[in-house]
Amino acid sequence: MKIRLIFCAGALLLASCSQYDKRHVMHISVADQRLLLTDRGEPVASYPISTSKFGLNSREGSYGTPVGRHRVAKKIGGGLPVGAVMKSRRFTGEVLPVNAPGRDPIVTRILWLHGLEAHNRNSFVRNIYIHGTPEERNIGLPVSYGCVRMKSRDVIELYDRVGTGARVDIFREPLAARLPKLFPAQATPPPAMTQTAPPSVPTTTLAGDLPDATRGL
């Protein structure tokens, strides 16, 4: 009987693993503030994003964006309207327009990340997501509280393209430096372009703007 139970459990695990998305990789460049999606190594989509205003960090309470390899552990929000507000990963019933004044909740879709390396294995318990934000005017700047923010229509498209288990790589370098085969003409930028100053980061916090990890609880 024990052997049969073990066999069944193993079969279920294999079936679950076989349903993982092994085709797609989301390459997230902090330098570029951009996400490049590849399908079997070929680029299929690119989106502007926002990483943390507190820099790169995996430490609990740092509000930093963790670098390194991750996978999509859970997808939340499928079918919700654009701008649907989520609290504790559940739809509150409220729907916000883009750039709603004084509001900065998690909206539209959530891709909840699980870290695959020793230093970022706590990403899941830190509630590190790729998610929609109503603050689309700040997309392209590092202004989040640890999560990776996207425009609502972009995160819907990404959500519909990738499945649970899809890999997510977050790194400091520009995409061209990290993936030179995909950007052969840009892999070695001219000297004049190597000292480009990073974008300025807003220091003010809107009323009601809570850390991403806190808002995901």
# chains A, B, ... in the order shown; residues from 1 in each chain; ligands from 1

call {"tool": "select_by_dssp", "arguments": {"residues": "range 76-154 of chain A", "states": "strand (DSSP E or B)", "output": "PyMOL selection string"}}
result
chain A and resi 76+84-87+90-95+106-115+129-132+144+148-150

call {"tool": "write_last_selection", "arguments": {"atoms": "C-alpha atoms", "output": "JSON list (two decimals), in the first residue's frame"}}
result
[["chain", "number", "residue", "atom", "x", "y", "z"],
["A", 76, "ILE", "CA", -3.23, 35.68, -9.67],
["A", 84, "ALA", "CA", -8.67, 45.95, -10.53],
["A", 85, "VAL", "CA", -7.33, 46.62, -7.03],
["A", 86, "MET", "CA", -5.96, 43.62, -5.12],
["A", 87, "LYS", "CA", -5.41, 43.42, -1.37],
["A", 90, "ARG", "CA", -7.72, 39.27, -3.67],
["A", 91, "PHE", "CA", -9.89, 41.58, -5.74],
["A", 92, "THR", "CA", -11.41, 44.26, -3.51],
["A", 93, "GLY", "CA", -14.10, 45.21, -6.02],
["A", 94, "GLU", "CA", -12.50, 48.59, -6.71],
["A", 95, "VAL", "CA", -11.21, 49.46, -10.18],
["A", 106, "ILE", "CA", -1.35, 46.52, -6.67],
["A", 107, "VAL", "CA", -3.68, 46.20, -9.64],
["A", 108, "THR", "CA", -4.74, 44.03, -12.58],
["A", 109, "ARG", "CA", -2.46, 40.95, -12.40],
["A", 110, "ILE", "CA", 0.15, 39.34, -10.12],
["A", 111, "LEU", "CA", 2.99, 36.98, -11.04],
["A", 112, "TRP", "CA", 4.34, 35.82, -7.65],
["A", 113, "LEU", "CA", 8.04, 34.94, -7.75],
["A", 114, "HIS", "CA", 10.00, 32.17, -6.05],
["A", 115, "GLY", "CA", 13.78, 32.60, -5.81],
["A", 129, "TYR", "CA", 5.70, 40.13, -7.56],
["A", 130, "ILE", "CA", 5.58, 41.28, -11.13],
["A", 131, "HIS", "CA", 2.35, 43.28, -10.98],
["A", 132, "GLY", "CA", 0.33, 46.09, -12.47],
["A", 144, "SER", "CA", 8.78, 50.50, -6.41],
["A", 148, "VAL", "CA", 8.62, 44.73, -10.53],
["A", 149, "ARG", "CA", 5.85, 47.06, -11.68],
["A", 150, "MET", "CA", 4.30, 47.14, -15.14]]

call {"tool": "select_by_dssp", "arguments": {"residues": "range 53-156 of chain A", "states": "alpha helix (DSSP H)", "output": "number ranges by chain"}}
result
A: 152-156

call {"tool": "residues_around", "arguments": {"residues": "Asn122 in chain A", "least_positions_apart": "4", "cutoff": "9 Å", "atoms": "only C-alpha atoms", "output": "list in words"}}
result
Ser58, Arg59, Glu60, His114, Gly115, Ala118, Arg126, Asn127 and Ile128 of chain A

call {"tool": "residues_around", "arguments": {"residues": "Leu179 in chain A", "least_positions_apart": "6", "cutoff": "12 Å", "atoms": "only C-alpha atoms", "output": "NGL selection string"}}
result
:A and (27-29 or 36-38 or 41-43 or 169 or 171 or 173 or 185-188)

call {"tool": "write_last_selection", "arguments": {"atoms": "C-alpha atoms", "output": "mmCIF file, in the first residue's frame"}}
result
data_model
loop_
_atom_site.group_PDB
_atom_site.id
_atom_site.type_symbol
_atom_site.label_atom_id
_atom_site.label_comp_id
_atom_site.auth_asym_id
_atom_site.auth_seq_id
_atom_site.Cartn_x
_atom_site.Cartn_y
_atom_site.Cartn_z
ATOM 1 C CA HIS A 27 14.947 38.899 -18.588
ATOM 2 C CA ILE A 28 14.645 41.959 -16.334
ATOM 3 C CA SER A 29 17.346 44.621 -16.649
ATOM 4 C CA LEU A 36 12.505 41.201 -22.375
ATOM 5 C CA LEU A 37 10.460 38.047 -22.872
ATOM 6 C CA THR A 38 12.001 35.191 -24.836
ATOM 7 C CA GLY A 41 15.600 31.765 -26.643
ATOM 8 C CA GLU A 42 13.977 34.050 -29.225
ATOM 9 C CA PRO A 43 12.748 37.534 -28.206
ATOM 10 C CA ASP A 169 16.143 36.494 -14.381
ATOM 11 C CA PHE A 171 20.092 41.485 -13.222
ATOM 12 C CA GLU A 173 23.388 45.000 -16.473
ATOM 13 C CA ALA A 185 25.170 45.836 -32.467
ATOM 14 C CA GLN A 186 24.745 47.160 -28.917
ATOM 15 C CA ALA A 187 26.775 44.659 -26.902
ATOM 16 C CA THR A 188 29.789 47.030 -26.805
#

call {"tool": "closest_residue", "arguments": {"among": "A:His119, A:Arg137, A:Lys151, A:Lys74", "to": "Pro48 in chain A", "atoms": "only C-alpha atoms"}}
result
A:Lys151

call {"tool": "residues_around", "arguments": {"residues": "Glu136 in chain A", "least_positions_apart": "6", "cutoff": "12 Å", "atoms": "only C-alpha atoms", "output": "VMD selection string"}}
result
chain A and resid 48 to 50 83 96 to 101 103 to 107 143 to 144 149 to 155

call {"tool": "closest_residue", "arguments": {"among": "A:Tyr145, A:Phe183, A:Tyr20, A:Phe124", "to": "Ser52 in chain A", "atoms": "only C-alpha atoms"}}
result
A:Tyr145

call {"tool": "atom_distance", "arguments": {"atom1": "CA of Gly165 in chain A", "atom2": "CA of Pro180 in chain A"}}
result
25.1 Å

call {"tool": "closest_residue", "arguments": {"among": "A:Gly68, A:Gly146, A:Tyr159, A:Val168", "to": "Leu80 in chain A", "atoms": "only C-alpha atoms"}}
result
A:Tyr159
